[in-house]
Amino acid sequence: MGMRSWEYGDERIGQKEMVLTTSSLMIGVGILTLPRTIAQATNASDGWLSILLAGGAAIFIAWLLARLSTRFRNRTFLEYTSEVASRPVAYVVGGLFAFYFLIFCAYITRSVAEMSKQYLFDRTPLEVISLCFMLIVIYAVSGSRTGLVRLTVLFLPFVFITTIVFLLLSINLFEVDKLLPLFHSDWKTILEGSQKSIFSFLGFEALLFYNSLSRKPEKTPKTAVISVLISVLLYVMIYVFTIAVFSNEVTRNIMYPTLELAREVSVPGEFFERLESLFLMFWVMSIFTTSAIALDVSIQSLRFFTKIDKKKLLYVLGPIIYLISMSPQNIVQLSNLGTLISYLGMLTAIAIPVLLLVYVKLREAIGHG
Amino acid sequence: MAKRLLLLAACFLIMLPLSGCWDQIELEQRGFVIGVAIDEGKMPEDEGKKGAKQSFRVTFQEVIPAGLRQTSQSGGSLAGDSYFNITLEGRTMLSVIAKMSSMTSRTPFFEHLKLVIISEKVASTKYGFANVLDYFLRNNDARRSVAVMVAKGEAKSVLDTLPQGEKTPVMFVQSISKNQDSYRMVPETRIGDVHEYLLKKESFVVQKVNTKGNYISLIGAAVMDGMDNNLVGTLNETETEGYNFLHEGIKGGVLEILIGDNLVAFKVERVDRKIKAVTEDLARIRFEIELNVEGSMLEAFERKDYLKDATINELEEKVTDSIKQLVEQTISKTQKELKKDVLGLGTHLKEQHPKVWDRVSNNWDTGDNYFASSQIVVTAEVGLRRIGSVNNTEERGE
């Protein structure tokens with residue numbers, strides 16, 4: 001009989017889709033704990049400077065990456081790498097990307113399971129929650145890539161809308177005094193905060209892998225800037241609200257400040273209680289797209305090595321991701337894994353593409369000279 | 001054919017996990033705990049564990065949903081039908097709750113927890129207050145909006161009173177605590193706010209609940225030390241009133257002043273507070289608190305023409321004096337007697353003068369106690385806006 005699958009008219013995506021896909025890979029589990037880690041590093045509400053600083057850096061790097069990707073002309077990132085910098089280099093880069101996104105996906109799977117266990121499923125074993133989540137992610141990835149992108153386009157606006165609605169609903173708990181004193185942290189702590197928030201911005205490297213699907217690759221630099229800007233704004237808003245509602249001291253002690261903020265919201269009349277389950281639902285959707293895109297990018301990198309069918313690759317990768325996601329024994333080890341990923345991310349998402357761009361530029365300069 | 005059979009088998013297989021929802025608890029099997037009262041327990045000291053000195057006697061109030069639903073048509077339900085209390089002893093909240101699960105028919109469920117009452121005795125022990133609240137903050141069933149109160153005497157007795165006009169004692173106490181007009185109690189203390197004070201090491205006040213027979217009153221306030229997190233004193237009726245003027249407290253309140261030989265009652269409608277700190281001399285920081293009070297006269301035993309400017313001015317002056325007097329009492333109690341800054345002056349320094357705060361924060365209301373040696377000057381600006389619907393109720397003959 002065989003599964004019939006939907007074929008899109010064209011396997012191309014527009015700029016709007018690119019923006020949402022890139023933001024979607026960035027907006028995931030990071031922001032749920034971000035207010036805590038930044039509050040720990042900085043004083044009062046000064047952490048928004050850290051976010052802005054890290055965001056500014058992310059925008060610049062994303063723009064560089066996008067500049068690089070305009071040169072691909074419908075070749076994939078790795079094909080392009082092998083052409084400019086030789087095949088062995090492309091193999092190393094591809095291997096790194098495949099590995100990075102694989103553990104990235106595993107980390108997100110575990111994080112969303114931990115979060116769901118704490119807030120939603122008290123007794124359901126963690127193993128089962130992760131397994132269910134992962135099976136759905138695999139199902140999403142096994143289809144068409146443009147289909148995945150379109151799913152993101154469908155989900156992400158809901159995430160934005162709910163977040164903003166929840167922030168507005170918490171406005172009666174918003175105390176401006178808690179934001180004071182402004183600018184009392186020294187630059188060292190602000191920088192420390194930015195360093196901690198970088199991980200929440202990783203994900204813009206998706207540009208490199210989705211640009212080959214783009215209808216107008218030459219417009220990607222602008223797209224990159226917009227998509228990072230979206231998450232910067234969202235993060236700053238969430239951060240300022242958590243501090244104004246909880247104060248810095250409390251924020252640094254709450255495990256998931258963003259979720260706790262949603263729990264504080266109550267609609268007058270006490271008719272609607274437990275509104276946070278709504279917030280969680282949309283947020284899980286956002287995390288779902290994040291991990292699906294991560295897995296997709298990992299698959300794309302692997303496909304550079306071998307022409308094995310995508311679905312067969314998923315059969316192999318599924319258990320590996322699951323095992324990695326189950327390897328941290330507690331919440332501390334999980335956060336250590338997160339730190340490891342953020343360092344690896346700086347290498348793969350920032351260092352490698354930037355080096356490649358510099359190399360290309362240098363070669364051009366020499367070639368012309 | 002084989003493929004179809006396989007598909008059919010798969011369909012049946014998929015149905016299996018449907019019955020396996022781990023977290024499913026039927027509504028009828030949940031025991032909704034709405035109030036918790038914590039008293040000191042009498043368990044002997046545990047020899048094995050060194051830290052385990054304290055034990056608690058915890059009373060839970062659970063609602064019986066069926067009792068709540070009854071309407072007055074069925075002859076009016078007795079208050080006793082809609083709730084029950086259960087008291088157990090243990091060293092930690094979790095162990096007490098575990099004990100409770102083995103004694104009630106329903107699984108205890110804290111999603112609808114409204115109130116935690118802590119006895120004076122437990123609150124007075126060093127760190128005791130924070131310790132008993134830890135479970136309710138850590139557990140993600142209970143919300144950060146749960147109200148916290150300190151009970152004079154036994155905490156359990158609050159849950160044993162007969163509620164008037166409400167279904168359960170907890171709902172009764174809670175609806176009192178939310179009354180906006182009662183100037184003799186401090187505003188509702190949320191567990192989330194307590195968490196904030198504890199983390200900031202800031203002294204604070206908590207609503208106090210007193211029981212007398214079957215009556216409950218929330219007059220007064222309990223003063224908690226920010227460093228050791230324990231109860232260090234209480235504010236009485238008038239001191240609480242002064243506190244409400246000084247801190248962003250309950251809006252509203254009544255001041256009785258003498259005009260001639262008769263009383264006039266002034267109803268406070270709005271209080272705005274402005275603080276200015278002069279911080280040249282750390283040993284004598286000067287706080288200038290400016291209160292802008294607005295309100296109306298709602299009762300007068302003195303017959304006078306209240307539509308005259310002069311009368312209004314006289315009233316305003318008298319109210320100003322009476323506010324100053326009230327506030328002085330509160331300041332002398334908190335600053336000179338308890339030496340604990342519950343007025344939020346430290347917070348003002350922290351927010352507006354962070355550099356000064358960095359130098360004094362470790363010795364603010366402990367150690368060198370900069371707070372106690374500071375100078376607090378209060379000025380009040382009173383505006384009498386309305387005099388009610390009549391000028392006078394009678395014409396008094398001389």
# chains A, B, ... in the order shown; residues from 1 in each chain; ligands from 1
call {"tool": "interface_residues", "arguments": {"of": "chain B", "to": "chain A", "cutoff": "10 Å", "atoms": "only C-alpha atoms", "output": "MDAnalysis selection string"}}
result
chainID B and resid 3:4 20:24 111:112 137:141 143:145 192:193 195:201 347:355
call {"tool": "residues_around", "arguments": {"residues": "B:Lys152", "least_positions_apart": "4", "cutoff": "7 Å", "atoms": "only C-alpha atoms", "output": "number ranges by chain"}}
result
B: 119-120, 209-210
call {"tool": "write_last_selection", "arguments": {"atoms": "N, CA and C atoms", "output": "PDB file, in the first residue's frame"}}
result
ATOM      1  N   SER B 119       1.895  29.405  63.594  1.00  0.00           N
ATOM      2  CA  SER B 119       1.734  29.883  64.967  1.00  0.00           C
ATOM      3  C   SER B 119       2.909  30.765  65.352  1.00  0.00           C
ATOM      4  N   GLU B 120       2.654  31.644  66.311  1.00  0.00           N
ATOM      5  CA  GLU B 120       3.676  32.559  66.790  1.00  0.00           C
ATOM      6  C   GLU B 120       4.924  31.809  67.220  1.00  0.00           C
ATOM      7  N   VAL B 209      -3.358  36.920  62.711  1.00  0.00           N
ATOM      8  CA  VAL B 209      -4.736  36.499  62.937  1.00  0.00           C
ATOM      9  C   VAL B 209      -4.900  36.128  64.416  1.00  0.00           C
ATOM     10  N   ASN B 210      -5.946  36.670  65.015  1.00  0.00           N
ATOM     11  CA  ASN B 210      -6.213  36.390  66.427  1.00  0.00           C
ATOM     12  C   ASN B 210      -7.546  35.665  66.532  1.00  0.00           C
TER      13      ASN B 210
END
call {"tool": "closest_residue", "arguments": {"among": "A:Val232, A:Val19, A:Ile136, A:Ile51", "to": "A:Arg150", "atoms": "only C-alpha atoms"}}
result
A:Val19
call {"tool": "atom_distance", "arguments": {"atom1": "atom CA of B:Gly213", "atom2": "atom CA of B:Thr161"}}
result
7.6 Å
call {"tool": "decode", "arguments": {"residues": "stretch 146-195 of chain A", "atoms": "N, CA and C atoms", "output": "short mmCIF file (atom, residue, chain, number, x, y, z; two decimals), in the first residue's frame"}}
result
data_model
loop_
_atom_site.label_atom_id
_atom_site.label_comp_id
_atom_site.auth_asym_id
_atom_site.auth_seq_id
_atom_site.Cartn_x
_atom_site.Cartn_y
_atom_site.Cartn_z
N THR A 146 10.27 21.45 3.34
CA THR A 146 9.44 22.65 3.26
C THR A 146 8.20 22.49 4.13
N GLY A 147 7.73 21.25 4.25
CA GLY A 147 6.58 20.99 5.12
C GLY A 147 6.90 21.39 6.54
N LEU A 148 8.10 21.03 6.99
CA LEU A 148 8.53 21.37 8.34
C LEU A 148 8.57 22.88 8.53
N VAL A 149 9.12 23.54 7.50
CA VAL A 149 9.20 25.00 7.57
C VAL A 149 7.80 25.60 7.67
N ARG A 150 6.88 25.03 6.88
CA ARG A 150 5.52 25.59 6.91
C ARG A 150 4.84 25.33 8.24
N LEU A 151 5.17 24.23 8.88
CA LEU A 151 4.63 23.94 10.20
C LEU A 151 5.09 25.01 11.19
N THR A 152 6.35 25.38 11.07
CA THR A 152 6.90 26.43 11.92
C THR A 152 6.16 27.73 11.72
N VAL A 153 5.90 28.04 10.46
CA VAL A 153 5.19 29.27 10.14
C VAL A 153 3.80 29.25 10.78
N LEU A 154 3.24 28.08 10.87
CA LEU A 154 1.92 27.94 11.49
C LEU A 154 2.00 28.12 13.00
N PHE A 155 3.01 27.55 13.63
CA PHE A 155 3.10 27.52 15.10
C PHE A 155 3.60 28.82 15.71
N LEU A 156 4.68 29.35 15.16
CA LEU A 156 5.40 30.41 15.86
C LEU A 156 4.56 31.65 16.16
N PRO A 157 3.72 32.12 15.23
CA PRO A 157 2.90 33.29 15.58
C PRO A 157 2.06 33.07 16.83
N PHE A 158 1.56 31.85 17.03
CA PHE A 158 0.80 31.57 18.24
C PHE A 158 1.65 31.74 19.48
N VAL A 159 2.89 31.30 19.36
CA VAL A 159 3.81 31.42 20.49
C VAL A 159 4.01 32.90 20.84
N PHE A 160 4.23 33.72 19.81
CA PHE A 160 4.40 35.15 20.05
C PHE A 160 3.17 35.75 20.70
N ILE A 161 2.02 35.43 20.11
CA ILE A 161 0.78 36.04 20.60
C ILE A 161 0.53 35.64 22.05
N THR A 162 0.63 34.34 22.35
CA THR A 162 0.38 33.94 23.74
C THR A 162 1.37 34.59 24.69
N THR A 163 2.64 34.65 24.30
CA THR A 163 3.61 35.25 25.20
C THR A 163 3.24 36.69 25.49
N ILE A 164 2.89 37.43 24.46
CA ILE A 164 2.56 38.84 24.66
C ILE A 164 1.28 38.98 25.48
N VAL A 165 0.29 38.13 25.21
CA VAL A 165 -0.94 38.20 26.00
C VAL A 165 -0.64 37.92 27.48
N PHE A 166 0.20 36.92 27.73
CA PHE A 166 0.52 36.60 29.12
C PHE A 166 1.29 37.73 29.80
N LEU A 167 2.18 38.35 29.06
CA LEU A 167 2.92 39.47 29.64
C LEU A 167 1.96 40.61 29.98
N LEU A 168 1.01 40.86 29.08
CA LEU A 168 0.06 41.94 29.34
C LEU A 168 -0.82 41.62 30.54
N LEU A 169 -1.18 40.33 30.68
CA LEU A 169 -2.04 39.96 31.80
C LEU A 169 -1.33 40.08 33.14
N SER A 170 0.00 40.02 33.10
CA SER A 170 0.72 40.11 34.37
C SER A 170 1.04 41.55 34.73
N ILE A 171 0.47 42.48 34.00
CA ILE A 171 0.85 43.88 34.19
C ILE A 171 0.42 44.41 35.56
N ASN A 172 -0.61 43.82 36.17
CA ASN A 172 -1.00 44.31 37.50
C ASN A 172 -0.02 43.87 38.59
N LEU A 173 0.86 42.94 38.26
CA LEU A 173 1.89 42.55 39.22
C LEU A 173 3.21 43.25 38.93
N PHE A 174 3.23 44.02 37.86
CA PHE A 174 4.44 44.68 37.40
C PHE A 174 4.76 45.86 38.33
N GLU A 175 5.90 45.82 39.00
CA GLU A 175 6.28 46.92 39.88
C GLU A 175 7.56 47.56 39.38
N VAL A 176 7.41 48.78 38.90
CA VAL A 176 8.56 49.46 38.29
C VAL A 176 9.72 49.59 39.27
N ASP A 177 9.40 49.78 40.56
CA ASP A 177 10.46 49.95 41.56
C ASP A 177 11.43 48.78 41.60
N LYS A 178 10.92 47.59 41.27
CA LYS A 178 11.79 46.43 41.34
C LYS A 178 12.87 46.45 40.27
N LEU A 179 12.67 47.27 39.25
CA LEU A 179 13.68 47.36 38.19
C LEU A 179 14.86 48.21 38.64
N LEU A 180 14.66 49.02 39.67
CA LEU A 180 15.71 49.94 40.13
C LEU A 180 16.73 49.21 41.01
N PRO A 181 17.93 49.67 41.18
CA PRO A 181 18.54 50.79 40.47
C PRO A 181 19.02 50.39 39.08
N LEU A 182 18.85 51.27 38.14
CA LEU A 182 19.31 50.99 36.78
C LEU A 182 20.81 51.25 36.68
N PHE A 183 21.46 50.54 35.82
CA PHE A 183 22.88 50.74 35.50
C PHE A 183 23.78 50.71 36.73
N HIS A 184 23.49 49.82 37.65
CA HIS A 184 24.35 49.76 38.83
C HIS A 184 25.36 48.62 38.73
N SER A 185 25.21 47.75 37.71
CA SER A 185 26.16 46.65 37.56
C SER A 185 27.38 47.15 36.80
N ASP A 186 28.55 46.59 37.13
CA ASP A 186 29.71 47.01 36.35
C ASP A 186 29.78 46.18 35.06
N TRP A 187 30.64 46.62 34.15
CA TRP A 187 30.65 46.03 32.81
C TRP A 187 31.02 44.57 32.81
N LYS A 188 31.82 44.18 33.79
CA LYS A 188 32.24 42.78 33.87
C LYS A 188 31.02 41.87 34.04
N THR A 189 30.14 42.26 34.97
CA THR A 189 28.99 41.40 35.22
C THR A 189 28.02 41.41 34.04
N ILE A 190 27.92 42.57 33.39
CA ILE A 190 27.06 42.64 32.21
C ILE A 190 27.58 41.69 31.14
N LEU A 191 28.90 41.71 30.96
CA LEU A 191 29.50 40.83 29.95
C LEU A 191 29.31 39.36 30.33
N GLU A 192 29.43 39.08 31.61
CA GLU A 192 29.22 37.72 32.08
C GLU A 192 27.79 37.28 31.75
N GLY A 193 26.86 38.20 31.95
CA GLY A 193 25.46 37.92 31.63
C GLY A 193 25.29 37.66 30.14
N SER A 194 25.96 38.45 29.30
CA SER A 194 25.82 38.25 27.85
C SER A 194 26.37 36.90 27.45
N GLN A 195 27.47 36.55 28.08
CA GLN A 195 28.08 35.27 27.75
C GLN A 195 27.10 34.14 28.06
#
